[in-house]
Amino acid sequence: MAPVDNEARMETPTSSPRAPSGPLAGIRVLDLSAYIAGPYGCTLLADQGADVIKIEPPGGDNLRQYPSTLATESRAFLGVNRSKRGIVLDLKNPSDHAALLRLVREADVLVHNFRPSVPARLGIDHDRLSLINSRLIYCAVTGYGDQGPMKDKAGYDQVLQTMTGMSTLQGKRGGPPEVIFGSVVDYYAAALLAAGVSSALYERERSGLGQYVGVSLLRSALTMQSARMIWADGESLDIGRDMRSGGVTGIHPTREGYIYISANTPHFWKALCERTGLQSLFDDPRFDTVRKRAEHHEEIVPKLHAALASRTAIEWETLFGDAVPSAAARRIEDMFDHPQVTAEGLVATFEHPVVGQYRGVNHPIHFGRTPAPEPFAAPTLNQHESLLESNIP
């Protein structure tokens with residue numbers, strides 16, 4: 001096992017096991033995954049009370065090495081791996097492999113994101129582990145699934161965006177494809193992971209048996225586009241699938257800054273026209289449906305932009321109030337102290353043995369009767385090595 005710096009192993013109160021709480025209290029998850037989709041799916045389980053143990057190879061999760069403006073740790077790793085205890089195991093080392101199998105015997109869930117051919121080579125495939133623990137929920141996160149010609153191809157968020165048409169529809173009309181930054185396919189796959197594992201745990205209460213749960217970035221990318229992924233008998237394959245509302249609903253420039261406006265319903269379209277002084281547009285029967293406004297967007301949008309140029313984005317947001325769904329374009333930095341974010345308790349302060357204090361996301365889901373436990377900081381590499389020296393509490 002790789003040596004670990006003693007200072008990095010120092011535990012703080014917030015990295016200790018929490019008092020069991022939340023709907024998944026008592027569930028233990030072994031997280032062997034890396035990057036975003038698998039790890040964040042396990043974090044969502046931890047947010048609901050599961051005890052998640054992150055198991056990394058000697059070099060650590062590759063996300064630890066990603067570029068970061070945070071000097072001592074990876075900002076992405078901290079955000080994706082909250083509320084986990086961390087150990088290091090080299091699964092090619094017989095003693096470390098045996099240690100993992102001991103953990104598997106007592107675990108409820110195991111998650112990994114190896115390519116389909118890898119688990120058998122490592123001796124951790126579903127068939128083998130289910131013999132050790134028949135109640136184990138075994139979740140594999142892959143790029144393209146565990147069948148088919150691409151099953152062993154490496155899959156990444158923006159590769160799947162490009163493959164599945166998301167980047168083509170994201171780009172400007174007539175322009176080149178564009179990716180959506182922020183790893184949206186990964187994060188949706190993480191949500192599918194948490195939902196699938198939770199469903200399998202629920203089913204286990206009836207059958208007493210675990211099962212295999214498969215999540216892929218391909219499934220995630222296509223599921224995200226369910227509203228587009230419709231092809232009816234008799235219609236052309238190349239029929240338009242862009243759901244944009246003709247330019248009225250979208251981001252628009254103002255005197256200062258940009259604002260997103262949604263005005264698809266008659267009620268919101270009327271309010272938009274009234275508050276921008278464009279009553280004549282509402283009165284014009286050529287524009288009285290979303291489809292008609294889409295057909296005439298080249299006439300409507302310049303008038304809307306001229307009207308919006310009279311105020312700043314923040315002023316328009318205030319003026320629209322509840323009458324027109326809208327939001328001034330803000331930075332992520334503005335969310336830490338946004339009054340709505342604060343009111344919902346969506347940001348917590350974390351104590352980290354290297355970084356010190358930092359602020360991050362807290363409690364993505366609210367539970368009324370079984371409140372989730374307080375989150376704690378992502379682990380340093382092998383921070384909880386002592387877990388392997390005795391029975392895990």
# chains A, B, ... in the order shown; residues from 1 in each chain; ligands from 1
$ select_by_dssp --residues "stretch 63-95 of chain A" --states "alpha helix (DSSP H)" --output "list in words"
Arg75, Ala76, Phe77, Leu78, Gly79, Val80, Pro94 and Ser95 of chain A
$ residues_around --residues "A:Leu160" --least-positions-apart "2" --cutoff "12 Å" --atoms "only C-alpha atoms" --output "CSV table (one decimal) with C-alpha atoms, in the first residue's frame"
chain,number,residue,atom,x,y,z
A,142,THR,CA,-19.8,2.8,-18.4
A,143,GLY,CA,-19.5,5.0,-21.4
A,144,TYR,CA,-21.6,3.0,-23.8
A,153,LYS,CA,-14.5,2.3,-25.7
A,154,ALA,CA,-13.7,5.1,-23.2
A,155,GLY,CA,-16.6,7.4,-22.8
A,156,TYR,CA,-16.5,11.0,-21.7
A,157,ASP,CA,-19.2,13.6,-21.2
A,158,GLN,CA,-18.5,15.9,-24.1
A,162,THR,CA,-21.2,15.3,-29.6
A,163,MET,CA,-22.1,11.7,-30.6
A,164,THR,CA,-25.8,12.0,-29.5
A,165,GLY,CA,-26.7,15.2,-31.2
A,166,MET,CA,-26.7,17.5,-28.1
A,167,SER,CA,-23.8,19.6,-29.5
A,168,THR,CA,-25.5,20.0,-32.9
A,179,VAL,CA,-20.7,21.5,-26.3
A,180,ILE,CA,-22.4,22.3,-23.0
A,183,SER,CA,-20.5,17.9,-17.5
A,184,VAL,CA,-24.2,17.8,-17.8
A,185,VAL,CA,-24.2,14.2,-19.1
A,186,ASP,CA,-22.0,13.1,-16.2
A,189,ALA,CA,-25.8,9.9,-15.1
A,216,SER,CA,-24.0,4.6,-19.0
A,217,LEU,CA,-23.2,8.0,-20.4
A,218,LEU,CA,-25.0,6.9,-23.6
A,219,ARG,CA,-28.2,6.2,-21.6
A,220,SER,CA,-27.8,9.5,-19.8
A,221,ALA,CA,-27.3,11.6,-23.0
A,222,LEU,CA,-30.3,10.0,-24.8
A,224,MET,CA,-31.8,13.8,-21.3
$ select_by_dssp --residues "stretch 161-382 of chain A" --states "strand (DSSP E)" --output "number ranges by chain"
A: 212-216, 250-253, 258-261, 326-328, 347-352, 356-361
$ closest_residue --among "A:Ile239, A:Leu278, A:Phe77, A:Val324" --to "A:Ala37" --atoms "only C-alpha atoms"
A:Phe77
$ residues_around --residues "stretch 198-215 of chain A" --least-positions-apart "4" --cutoff "6 Å" --atoms "only C-alpha atoms" --output "PDB file with N, CA and C atoms, in the first residue's frame"
ATOM      1  N   SER A 134     -24.737 -12.124  -1.626  1.00  0.00           N
ATOM      2  CA  SER A 134     -25.892 -12.218  -2.529  1.00  0.00           C
ATOM      3  C   SER A 134     -26.815 -11.006  -2.417  1.00  0.00           C
ATOM      4  N   ARG A 135     -26.639 -10.194  -1.374  1.00  0.00           N
ATOM      5  CA  ARG A 135     -27.474  -9.002  -1.187  1.00  0.00           C
ATOM      6  C   ARG A 135     -26.837  -7.747  -1.790  1.00  0.00           C
ATOM      7  N   LEU A 136     -25.686  -7.894  -2.411  1.00  0.00           N
ATOM      8  CA  LEU A 136     -24.943  -6.739  -2.918  1.00  0.00           C
ATOM      9  C   LEU A 136     -25.621  -6.127  -4.144  1.00  0.00           C
ATOM     10  N   ILE A 137     -25.834  -4.811  -4.103  1.00  0.00           N
ATOM     11  CA  ILE A 137     -26.236  -4.053  -5.288  1.00  0.00           C
ATOM     12  C   ILE A 137     -24.956  -3.650  -6.006  1.00  0.00           C
ATOM     13  N   TYR A 138     -24.773  -4.157  -7.217  1.00  0.00           N
ATOM     14  CA  TYR A 138     -23.532  -3.974  -7.974  1.00  0.00           C
ATOM     15  C   TYR A 138     -23.824  -3.021  -9.127  1.00  0.00           C
ATOM     16  N   CYS A 139     -23.277  -1.813  -9.061  1.00  0.00           N
ATOM     17  CA  CYS A 139     -23.575  -0.784 -10.063  1.00  0.00           C
ATOM     18  C   CYS A 139     -22.348  -0.480 -10.900  1.00  0.00           C
ATOM     19  N   ALA A 140     -22.471  -0.672 -12.213  1.00  0.00           N
ATOM     20  CA  ALA A 140     -21.394  -0.386 -13.151  1.00  0.00           C
ATOM     21  C   ALA A 140     -21.757   0.840 -13.982  1.00  0.00           C
ATOM     22  N   VAL A 141     -20.864   1.826 -13.974  1.00  0.00           N
ATOM     23  CA  VAL A 141     -21.036   3.032 -14.785  1.00  0.00           C
ATOM     24  C   VAL A 141     -20.079   2.933 -15.962  1.00  0.00           C
TER      25      VAL A 141
END
